[in-house]
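Q: Handing over my_file_16.cif, mmCIF, C-alpha atoms.
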```
data_coords
loop_
_atom_site.group_PDB
_atom_site.id
_atom_site.type_symbol
_atom_site.label_atom_id
_atom_site.label_comp_id
_atom_site.auth_asym_id
_atom_site.auth_seq_id
_atom_site.Cartn_x
_atom_site.Cartn_y
_atom_site.Cartn_z
ATOM 1 C CA MET G 83 97.778 98.368 -6.260
ATOM 2 C CA PRO G 84 101.077 99.708 -7.695
ATOM 3 C CA THR G 85 100.758 101.862 -10.809
ATOM 4 C CA PRO G 86 102.120 100.041 -13.979
ATOM 5 C CA SER G 87 104.936 101.642 -15.965
ATOM 6 C CA ASN G 88 104.138 103.217 -19.455
ATOM 7 C CA ASN G 89 107.516 102.255 -20.979
ATOM 8 C CA GLU G 90 106.909 99.065 -23.032
ATOM 9 C CA SER G 91 110.623 98.620 -23.775
ATOM 10 C CA THR G 92 111.447 98.010 -20.129
ATOM 11 C CA ILE G 93 110.990 94.961 -17.979
ATOM 12 C CA SER G 94 108.700 95.465 -14.985
ATOM 13 C CA LEU G 95 109.999 93.463 -12.123
ATOM 14 C CA HIS G 96 108.592 92.892 -8.583
ATOM 15 C CA PRO G 97 106.967 96.073 -7.274
ATOM 16 C CA SER G 98 109.570 96.275 -4.510
ATOM 17 C CA CYS G 99 112.368 96.707 -7.137
ATOM 18 C CA PRO G 100 112.768 99.787 -9.315
ATOM 19 C CA PRO G 101 112.314 99.310 -13.114
ATOM 20 C CA GLU G 102 115.410 98.818 -15.201
ATOM 21 C CA LEU G 103 115.869 100.790 -18.483
ATOM 22 C CA ASP G 104 117.485 99.468 -21.699
ATOM 23 C CA ASP G 105 118.526 96.074 -20.433
ATOM 24 C CA ASP G 106 121.574 95.869 -22.729
ATOM 25 C CA ARG G 107 123.286 92.537 -22.216
ATOM 26 C CA SER G 108 125.744 92.860 -25.117
ATOM 27 C CA SER G 109 128.524 94.209 -22.947
ATOM 28 C CA TRP G 110 128.938 91.161 -20.784
ATOM 29 C CA ARG G 111 128.294 88.765 -23.648
ATOM 30 C CA ASN G 112 131.082 90.382 -25.736
ATOM 31 C CA MET G 113 133.457 90.011 -22.762
ATOM 32 C CA ASP G 114 132.801 86.261 -22.731
ATOM 33 C CA GLY G 115 133.367 85.934 -26.491
ATOM 34 C CA ILE G 116 129.698 85.191 -27.277
ATOM 35 C CA ARG G 117 128.029 87.000 -30.109
ATOM 36 C CA GLU G 118 125.628 89.717 -29.310
ATOM 37 C CA ALA G 119 122.086 88.516 -28.969
ATOM 38 C CA GLU G 120 118.980 90.426 -29.527
ATOM 39 C CA VAL G 121 117.406 91.715 -26.420
ATOM 40 C CA ILE G 122 113.929 90.347 -26.043
ATOM 41 C CA THR G 123 111.520 92.665 -24.500
ATOM 42 C CA ALA G 124 109.450 90.936 -21.834
ATOM 43 C CA PRO G 125 105.807 91.677 -21.591
ATOM 44 C CA GLU G 126 104.527 93.857 -18.813
ATOM 45 C CA VAL G 127 103.806 92.085 -15.604
ATOM 46 C CA HIS G 128 101.022 93.504 -13.453
ATOM 47 C CA GLN G 129 100.910 92.523 -9.789
ATOM 48 C CA GLN G 130 97.719 90.836 -8.831
ATOM 49 C CA PRO G 131 96.199 90.893 -5.397
ATOM 50 C CA THR G 132 97.014 87.973 -3.186
ATOM 51 C CA PRO G 133 94.119 85.548 -3.288
ATOM 52 C CA PRO G 134 92.588 84.595 0.050
ATOM 53 C CA PRO G 135 93.650 81.249 1.448
ATOM 54 C CA SER G 136 91.475 78.330 0.581
ATOM 55 C CA ASP G 137 89.566 76.386 3.214
ATOM 56 C CA SER G 138 91.923 73.459 2.891
ATOM 57 C CA GLN G 139 94.913 75.657 3.593
ATOM 58 C CA VAL G 140 93.233 77.192 6.680
ATOM 59 C CA VAL G 141 92.371 73.785 8.012
ATOM 60 C CA GLY G 142 95.904 72.581 7.445
ATOM 61 C CA VAL G 143 97.413 75.553 9.280
ATOM 62 C CA THR G 144 94.969 75.179 12.143
ATOM 63 C CA GLU G 145 95.712 71.479 12.504
ATOM 64 C CA THR G 146 99.446 72.188 12.471
ATOM 65 C CA HIS G 147 99.046 74.828 15.198
ATOM 66 C CA MET G 148 96.969 72.488 17.346
ATOM 67 C CA ASP G 149 99.542 69.735 16.942
ATOM 68 C CA GLU G 150 102.260 72.061 18.189
ATOM 69 C CA GLN G 151 100.166 73.074 21.209
ATOM 70 C CA SER G 152 99.439 69.440 22.087
ATOM 71 C CA LYS G 153 103.136 68.620 21.867
ATOM 72 C CA ARG G 154 103.948 71.504 24.211
ATOM 73 C CA MET G 155 101.282 70.382 26.676
ATOM 74 C CA ASN G 156 102.699 66.867 26.669
ATOM 75 C CA ILE G 157 106.155 68.225 27.389
ATOM 76 C CA ASP G 158 104.803 70.354 30.301
ATOM 77 C CA GLU G 159 102.955 67.367 31.767
ATOM 78 C CA GLU G 160 106.091 65.257 31.634
ATOM 79 C CA ALA G 161 108.084 67.988 33.363
ATOM 80 C CA ALA G 162 105.395 68.358 36.060
ATOM 81 C CA ALA G 163 105.289 64.612 36.599
ATOM 82 C CA SER G 164 109.025 64.527 37.115
ATOM 83 C CA ASN G 165 108.674 67.175 39.858
ATOM 84 C CA MET G 166 105.896 65.318 41.707
ATOM 85 C CA LEU G 167 106.856 63.855 45.070
ATOM 86 C CA SER G 168 107.004 60.123 45.426
ATOM 87 C CA PRO G 169 106.202 58.465 48.798
ATOM 88 C CA MET G 170 109.879 58.176 49.567
ATOM 89 C CA SER G 171 110.541 61.833 48.811
ATOM 90 C CA THR G 172 107.595 62.869 51.014
ATOM 91 C CA VAL G 173 109.121 61.093 53.981
ATOM 92 C CA GLY G 174 112.422 62.751 53.279
ATOM 93 C CA ASP G 175 110.774 66.156 53.194
ATOM 94 C CA LYS G 176 109.117 65.503 56.552
ATOM 95 C CA GLN G 177 112.480 64.669 58.024
ATOM 96 C CA ASP G 178 113.895 67.876 56.600
ATOM 97 C CA GLU G 179 111.032 69.888 58.104
ATOM 98 C CA SER G 180 111.802 68.471 61.545
ATOM 99 C CA ASP G 181 115.279 69.917 61.252
ATOM 100 C CA LEU G 182 113.874 73.431 60.783
ATOM 101 C CA PRO G 183 113.951 75.630 63.884
ATOM 102 C CA ALA G 184 110.583 75.847 65.589
ATOM 103 C CA LEU G 185 108.886 79.219 66.048
ATOM 104 C CA THR G 186 109.213 80.463 69.596
ATOM 105 C CA SER G 187 106.970 82.845 71.496
ATOM 106 C CA THR G 188 109.486 85.579 70.768
ATOM 107 C CA HIS G 189 108.845 85.228 67.022
ATOM 108 C CA LEU G 190 105.085 85.090 67.533
ATOM 109 C CA SER G 191 105.040 88.197 69.701
ATOM 110 C CA SER G 192 107.487 90.152 67.618
ATOM 111 C CA PRO G 193 106.045 93.421 66.364
ATOM 112 C CA SER G 194 104.519 93.231 62.896
ATOM 113 C CA MET G 195 105.037 96.921 62.171
ATOM 114 C CA GLY G 196 108.571 97.262 63.455
ATOM 115 C CA TYR G 197 109.939 98.251 66.838
ATOM 116 C CA ASP G 198 108.689 101.809 66.477
ATOM 117 C CA PHE G 199 105.097 100.591 66.240
ATOM 118 C CA SER G 200 104.894 97.439 68.303
ATOM 119 C CA ASN G 201 101.737 95.363 68.730
ATOM 120 C CA VAL G 202 102.961 94.152 72.098
ATOM 121 C CA ARG G 203 101.645 96.253 74.952
ATOM 122 C CA LEU G 204 104.447 97.423 77.210
ATOM 123 C CA ILE G 205 104.069 97.281 80.993
ATOM 124 C CA PRO G 206 105.130 100.521 82.711
ATOM 125 C CA THR G 207 108.271 100.168 84.791
ATOM 126 C CA SER G 208 106.849 102.396 87.543
ATOM 127 C CA PRO G 209 103.242 102.767 88.687
ATOM 128 C CA SER G 210 103.187 106.527 89.314
ATOM 129 C CA SER G 211 105.204 109.705 89.011
ATOM 130 C CA PHE G 212 106.051 109.548 92.731
ATOM 131 C CA LEU G 213 107.440 106.014 92.823
ATOM 132 C CA ARG G 214 110.163 106.050 90.191
ATOM 133 C CA ALA G 215 113.913 106.093 89.809
ATOM 134 C CA GLY G 216 115.228 109.358 91.211
ATOM 135 C CA SER G 217 112.312 110.037 93.563
ATOM 136 C CA ARG G 218 113.276 111.278 97.023
ATOM 137 C CA PHE G 219 111.329 111.156 100.263
ATOM 138 C CA HIS G 220 111.943 112.891 103.565
ATOM 139 C CA GLY G 221 110.431 112.344 106.985
ATOM 140 C CA THR G 222 110.957 110.692 110.345
ATOM 141 C CA GLN G 223 111.186 107.327 112.090
ATOM 142 C CA GLN G 224 109.639 107.446 115.529
ATOM 143 C CA SER G 225 110.044 105.156 118.483
ATOM 144 C CA GLU G 226 108.709 105.506 122.011
ATOM 145 C CA ARG G 227 111.762 107.435 123.129
ATOM 146 C CA GLN G 228 113.149 109.310 120.127
ATOM 147 C CA VAL G 229 112.513 110.679 116.640
ATOM 148 C CA TYR G 230 115.089 110.256 113.849
ATOM 149 C CA ASP G 231 115.424 112.131 110.593
ATOM 150 C CA VAL G 232 115.147 109.825 107.558
ATOM 151 C CA GLN G 233 115.756 110.367 103.852
ATOM 152 C CA VAL G 234 115.054 107.812 101.120
ATOM 153 C CA GLU G 235 116.186 107.902 97.503
ATOM 154 C CA ILE G 236 114.757 105.432 94.987
ATOM 155 C CA LYS G 237 117.298 104.161 92.469
ATOM 156 C CA HIS G 238 115.347 101.625 90.439
ATOM 157 C CA VAL G 239 111.733 100.450 90.043
ATOM 158 C CA ASP G 240 110.657 97.408 88.006
ATOM 159 C CA MET G 241 106.976 96.513 88.191
ATOM 160 C CA ARG G 242 107.481 93.449 85.973
ATOM 161 C CA GLU G 243 109.657 91.895 88.659
ATOM 162 C CA SER G 244 107.827 93.546 91.578
ATOM 163 C CA PHE G 245 111.141 95.022 92.650
ATOM 164 C CA LEU G 246 112.692 98.311 93.686
ATOM 165 C CA CYS G 247 115.883 99.425 95.417
ATOM 166 C CA GLY G 248 117.448 102.549 96.831
ATOM 167 C CA TYR G 249 119.264 104.191 99.747
ATOM 168 C CA LEU G 250 117.949 104.930 103.229
ATOM 169 C CA ARG G 251 119.769 107.570 105.285
ATOM 170 C CA ILE G 252 119.041 108.027 108.995
ATOM 171 C CA GLN G 253 120.549 110.684 111.263
ATOM 172 C CA GLY G 254 121.146 110.813 115.014
ATOM 173 C CA LEU G 255 120.924 107.078 115.555
ATOM 174 C CA THR G 256 124.291 106.831 117.392
ATOM 175 C CA GLU G 257 126.900 109.296 118.590
ATOM 176 C CA ASP G 258 129.731 107.495 116.817
ATOM 177 C CA HIS G 259 127.806 107.434 113.538
ATOM 178 C CA PRO G 260 125.655 110.551 113.322
ATOM 179 C CA THR G 261 124.575 109.607 109.767
ATOM 180 C CA LEU G 262 124.088 106.071 108.509
ATOM 181 C CA THR G 263 123.247 105.163 104.908
ATOM 182 C CA THR G 264 122.084 101.687 103.966
ATOM 183 C CA TYR G 265 121.209 100.006 100.701
ATOM 184 C CA PHE G 266 117.764 98.374 100.669
ATOM 185 C CA GLU G 267 115.700 96.274 98.272
ATOM 186 C CA GLY G 268 111.929 96.128 98.150
ATOM 187 C CA GLU G 269 109.398 93.420 97.365
ATOM 188 C CA ILE G 270 106.149 94.812 95.921
ATOM 189 C CA ILE G 271 103.069 92.850 96.970
ATOM 190 C CA GLY G 272 101.126 91.628 93.941
ATOM 191 C CA PRO G 273 101.468 88.873 91.333
ATOM 192 C CA LYS G 274 104.898 87.715 92.573
ATOM 193 C CA TYR G 275 104.972 88.371 96.319
ATOM 194 C CA THR G 276 102.183 87.807 98.849
ATOM 195 C CA PHE G 277 101.565 89.532 102.188
ATOM 196 C CA TYR G 278 103.356 86.657 103.910
ATOM 197 C CA THR G 279 107.127 86.965 104.280
ATOM 198 C CA LYS G 280 108.938 83.979 102.742
ATOM 199 C CA HIS G 281 112.384 84.712 104.198
ATOM 200 C CA GLN G 282 112.981 82.771 107.370
ATOM 201 C CA ASP G 283 116.181 84.668 108.166
ATOM 202 C CA TRP G 284 114.144 87.873 108.468
ATOM 203 C CA GLY G 285 112.655 86.504 111.701
ATOM 204 C CA SER G 286 108.995 87.017 110.779
ATOM 205 C CA SER G 287 106.005 84.654 110.632
ATOM 206 C CA ASN G 288 102.501 84.715 109.199
ATOM 207 C CA ASN G 289 101.019 85.990 112.466
ATOM 208 C CA VAL G 290 103.672 88.691 112.784
ATOM 209 C CA ASP G 291 103.027 89.742 109.187
ATOM 210 C CA LEU G 292 99.277 90.115 109.753
ATOM 211 C CA GLN G 293 99.825 92.030 113.004
ATOM 212 C CA HIS G 294 101.949 94.613 111.214
ATOM 213 C CA TRP G 295 99.820 94.834 108.050
ATOM 214 C CA GLN G 296 96.714 95.455 110.160
ATOM 215 C CA LYS G 297 98.247 98.691 111.391
ATOM 216 C CA PHE G 298 97.527 100.183 107.946
ATOM 217 C CA GLN G 299 93.959 101.252 107.369
ATOM 218 C CA ALA G 300 94.283 100.640 103.601
ATOM 219 C CA PHE G 301 95.029 96.962 104.290
ATOM 220 C CA ARG G 302 91.759 96.155 106.028
ATOM 221 C CA PRO G 303 89.671 95.654 102.834
ATOM 222 C CA LEU G 304 92.309 93.153 101.658
ATOM 223 C CA GLN G 305 92.643 91.252 104.908
ATOM 224 C CA LYS G 306 90.545 88.242 103.904
ATOM 225 C CA LEU G 307 92.429 87.759 100.662
ATOM 226 C CA ALA G 308 95.776 88.318 102.366
ATOM 227 C CA LYS G 309 95.126 85.483 104.815
ATOM 228 C CA ARG G 310 94.857 83.055 101.911
ATOM 229 C CA GLY G 311 98.480 83.754 101.012
ATOM 230 C CA ILE G 312 97.897 83.875 97.245
ATOM 231 C CA PRO G 313 99.305 86.331 94.674
ATOM 232 C CA MET G 314 97.116 89.356 94.085
ATOM 233 C CA PRO G 315 97.633 90.858 90.612
ATOM 234 C CA GLY G 316 96.294 94.314 89.976
ATOM 235 C CA LEU G 317 97.318 95.863 93.293
ATOM 236 C CA ALA G 318 99.671 98.245 91.501
ATOM 237 C CA THR G 319 96.656 99.980 89.951
ATOM 238 C CA GLN G 320 95.099 100.726 93.354
ATOM 239 C CA ASP G 321 95.564 103.878 95.381
ATOM 240 C CA ASN G 322 97.920 102.130 97.797
ATOM 241 C CA ILE G 323 100.852 99.809 97.119
ATOM 242 C CA PHE G 324 102.206 97.484 99.796
ATOM 243 C CA MET G 325 105.878 96.550 100.000
ATOM 244 C CA ARG G 326 108.632 95.146 102.176
ATOM 245 C CA TRP G 327 111.908 97.082 102.385
ATOM 246 C CA LYS G 328 114.940 95.117 103.567
ATOM 247 C CA GLU G 329 118.254 96.798 104.374
ATOM 248 C CA HIS G 330 121.273 94.756 103.273
ATOM 249 C CA PHE G 331 124.502 96.658 103.954
ATOM 250 C CA LEU G 332 126.022 100.019 104.777
ATOM 251 C CA VAL G 333 127.103 102.516 102.157
ATOM 252 C CA PRO G 334 129.832 103.119 101.157
ATOM 253 C CA ASP G 335 131.541 100.347 103.176
ATOM 254 C CA HIS G 336 129.446 97.251 102.539
ATOM 255 C CA ARG G 337 131.729 95.096 104.690
ATOM 256 C CA VAL G 338 130.384 96.580 107.939
ATOM 257 C CA ARG G 339 127.702 94.267 109.302
ATOM 258 C CA THR G 340 127.168 95.464 112.877
ATOM 259 C CA ILE G 341 127.250 98.849 114.572
ATOM 260 C CA THR G 342 127.117 99.435 118.301
ATOM 261 C CA GLY G 343 123.790 100.977 119.254
ATOM 262 C CA ALA G 344 122.224 100.416 115.833
ATOM 263 C CA SER G 345 120.923 97.535 113.767
ATOM 264 C CA PHE G 346 119.734 97.092 110.198
ATOM 265 C CA GLU G 347 118.958 93.394 110.398
ATOM 266 C CA GLY G 348 115.206 94.009 110.346
ATOM 267 C CA PHE G 349 112.890 95.235 107.575
ATOM 268 C CA TYR G 350 109.993 97.632 106.970
ATOM 269 C CA TYR G 351 106.350 96.949 106.189
ATOM 270 C CA ILE G 352 105.482 99.715 103.733
ATOM 271 C CA CYS G 353 102.228 101.254 102.534
ATOM 272 C CA PHE G 354 102.748 103.728 99.703
ATOM 273 C CA ASN G 355 99.954 106.095 98.679
ATOM 274 C CA GLN G 356 100.154 106.780 94.951
ATOM 275 C CA ILE G 357 97.783 109.740 95.101
ATOM 276 C CA LYS G 358 99.625 111.756 97.745
ATOM 277 C CA GLY G 359 103.085 110.287 97.227
ATOM 278 C CA SER G 360 103.415 109.501 100.949
ATOM 279 C CA VAL G 361 105.117 106.521 102.601
ATOM 280 C CA SER G 362 103.952 104.912 105.843
ATOM 281 C CA GLY G 363 106.011 102.133 107.349
ATOM 282 C CA ILE G 364 106.530 99.980 110.399
ATOM 283 C CA TYR G 365 109.947 98.661 111.321
ATOM 284 C CA PHE G 366 110.276 95.094 112.541
ATOM 285 C CA HIS G 367 113.184 93.357 114.218
ATOM 286 C CA ALA G 368 112.880 90.623 116.802
ATOM 287 C CA LYS G 369 115.366 92.325 119.149
ATOM 288 C CA SER G 370 114.293 95.918 118.554
ATOM 289 C CA GLU G 371 111.447 98.049 119.807
ATOM 290 C CA LYS G 372 108.113 97.013 118.250
ATOM 291 C CA PHE G 373 106.053 99.035 115.819
ATOM 292 C CA GLN G 374 108.509 101.827 115.086
ATOM 293 C CA GLN G 375 106.682 104.134 112.670
ATOM 294 C CA LEU G 376 108.146 105.542 109.471
ATOM 295 C CA GLU G 377 106.460 108.566 107.878
ATOM 296 C CA LEU G 378 107.845 110.068 104.655
ATOM 297 C CA GLU G 379 106.656 112.660 102.162
ATOM 298 C CA HIS G 380 107.710 113.048 98.539
ATOM 299 C CA VAL G 381 110.278 115.757 97.858
ATOM 300 C CA GLN G 382 109.254 117.911 94.905
ATOM 301 C CA ASP G 383 111.950 117.830 92.222
ATOM 302 C CA LYS G 384 110.129 119.960 89.587
ATOM 303 C CA GLY G 385 110.744 117.245 87.053
ATOM 304 C CA CYS G 386 108.510 115.856 84.332
ATOM 305 C CA PHE G 387 107.330 112.292 84.161
ATOM 306 C CA ALA G 388 104.551 111.329 81.795
ATOM 307 C CA ALA G 389 103.634 108.564 79.411
ATOM 308 C CA VAL G 390 101.079 108.462 76.603
ATOM 309 C CA GLU G 391 100.052 105.280 74.772
ATOM 310 C CA PHE G 392 97.992 105.298 71.566
ATOM 311 C CA ARG G 393 96.186 102.052 70.789
#
```
In structure tokens, what does this structure look like?

A:
Amino acid sequence: MPTPSNNESTISLHPSCPPELDDDRSSWRNMDGIREAEVITAPEVHQQPTPPPSDSQVVGVTETHMDEQSKRMNIDEEAAASNMLSPMSTVGDKQDESDLPALTSTHLSSPSMGYDFSNVRLIPTSPSSFLRAGSRFHGTQQSERQVYDVQVEIKHVDMRESFLCGYLRIQGLTEDHPTLTTYFEGEIIGPKYTFYTKHQDWGSSNNVDLQHWQKFQAFRPLQKLAKRGIPMPGLATQDNIFMRWKEHFLVPDHRVRTITGASFEGFYYICFNQIKGSVSGIYFHAKSEKFQQLELEHVQDKGCFAAVEFR
């Protein structure tokens, strides 16, 4: 409690105010023309402790607080009720949802950790370090009468589309054209292409296809499945890959279609060994000598080609 003042001639006010000494009120009373009055000394006032609230007061405060809370709850319930959907609004919302774009497979397969850490497993574009863009092969094409020097350069390989393309250069085929370069495209046997040729203008048939494929020893374990003419996924993971190489036009002048003493209207049956990097082929054309053999070996380029995948 505050300590009371010892000066009886002063008036003790509220403890938060300092005591006033000699409360002389004659000055302001003389200014108003009123006679001077005797200053009455007020008795000392001692501050008493604040009594605790009575039970009735506590109950009254509690009831007031509860009333306020109930009013607030009523207001919240009214606001929530106003936001509730009526049957009509539900139908409207369903119509609005139909206008939203549907999720496509692209969204579902999009990487969840960003493009640097994709959850989608990527298919390699080339099956081995030998069969890739930039690979070069050198060897010969042999007929019954002559042997020709052949060079092949691969320009593009896409295992997703079972496709590759490149240039084939042959030397000594004719005297007028000592070197001929053609552009070719290849069909890789597997999930997209079967062992049967589907191009009628190539001049082949199912029997002709089987006769040429049987020349490869690696084909014999697959002969029964090949006769069914169905796609065969997973062949790219085997030691040997089978393909068809079809020449399309001369390079650099693609307008030349025929050359005296030479023809590129046929195509090659190809067996590529992924372990050795060697190419074995048989050339077919209805008007050319049968079973011309193509033998190529990979040309070392001292390059690096590797891929590592962490799962």

Q: Pick out the residues sitting within 8 Å of Ser225 (chain G), and hand them over as a list in words; count all atoms listed in the file, and ignore anything fewer than 5 positions along from it in its own chain.

A: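 Skipping anything fewer than 5 positions along the chain leaves Glu371, Phe373, Gln374 and Gln375 of chain G.
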
Q: With a distance cut-off of 8 Å and all atoms listed in the file, select the neighbouring residues of region 316-331 of chain G, excluding the residue or stretch itself and same-chain residues fewer than 6 positions from it, and output the selection as a PyMOL selection string.

A: chain G and resi 209+264-273+300+337-339+346-357

Q: Env of Val232 (chain G): 6 Å cut, atoms = only C-alpha atoms, seq-sep filter 3 positions within chain, self excluded. Answer as a PyMOL selection string.

A: chain G and resi 220-222+251-252

Q: Take the residues from that selection and put them in a file with C-alpha atoms, as an mmCIF file, in the coordinates of the input.

A:
```cif
data_model
loop_
_atom_site.group_PDB
_atom_site.id
_atom_site.type_symbol
_atom_site.label_atom_id
_atom_site.label_comp_id
_atom_site.auth_asym_id
_atom_site.auth_seq_id
_atom_site.Cartn_x
_atom_site.Cartn_y
_atom_site.Cartn_z
ATOM 1 C CA HIS G 220 111.943 112.891 103.565
ATOM 2 C CA GLY G 221 110.431 112.344 106.985
ATOM 3 C CA THR G 222 110.957 110.692 110.345
ATOM 4 C CA ARG G 251 119.769 107.570 105.285
ATOM 5 C CA ILE G 252 119.041 108.027 108.995
#
```

Q: With all atoms listed in the file as the basis for distance, which of G:Ser244, G:Gln282, G:Thr342, G:Gln299 is at the shortest distance from Asp258 (chain G)?

A: G:Thr342

Q: Could you tell me how far CA of Asn289 (chain G) sits from CA of Lys372 (chain G), in Å to one decimal place?

A: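 Interatomic distance here is 14.3 Å.
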
Q: Name the residues that the PyMOL selection byres ((chain G and resi 310) around 12) picks from the file above, as a ChimeraX atom specification, using the file's chain letters and numbers.

A: /G:276-278,288,292,304-309,311-314
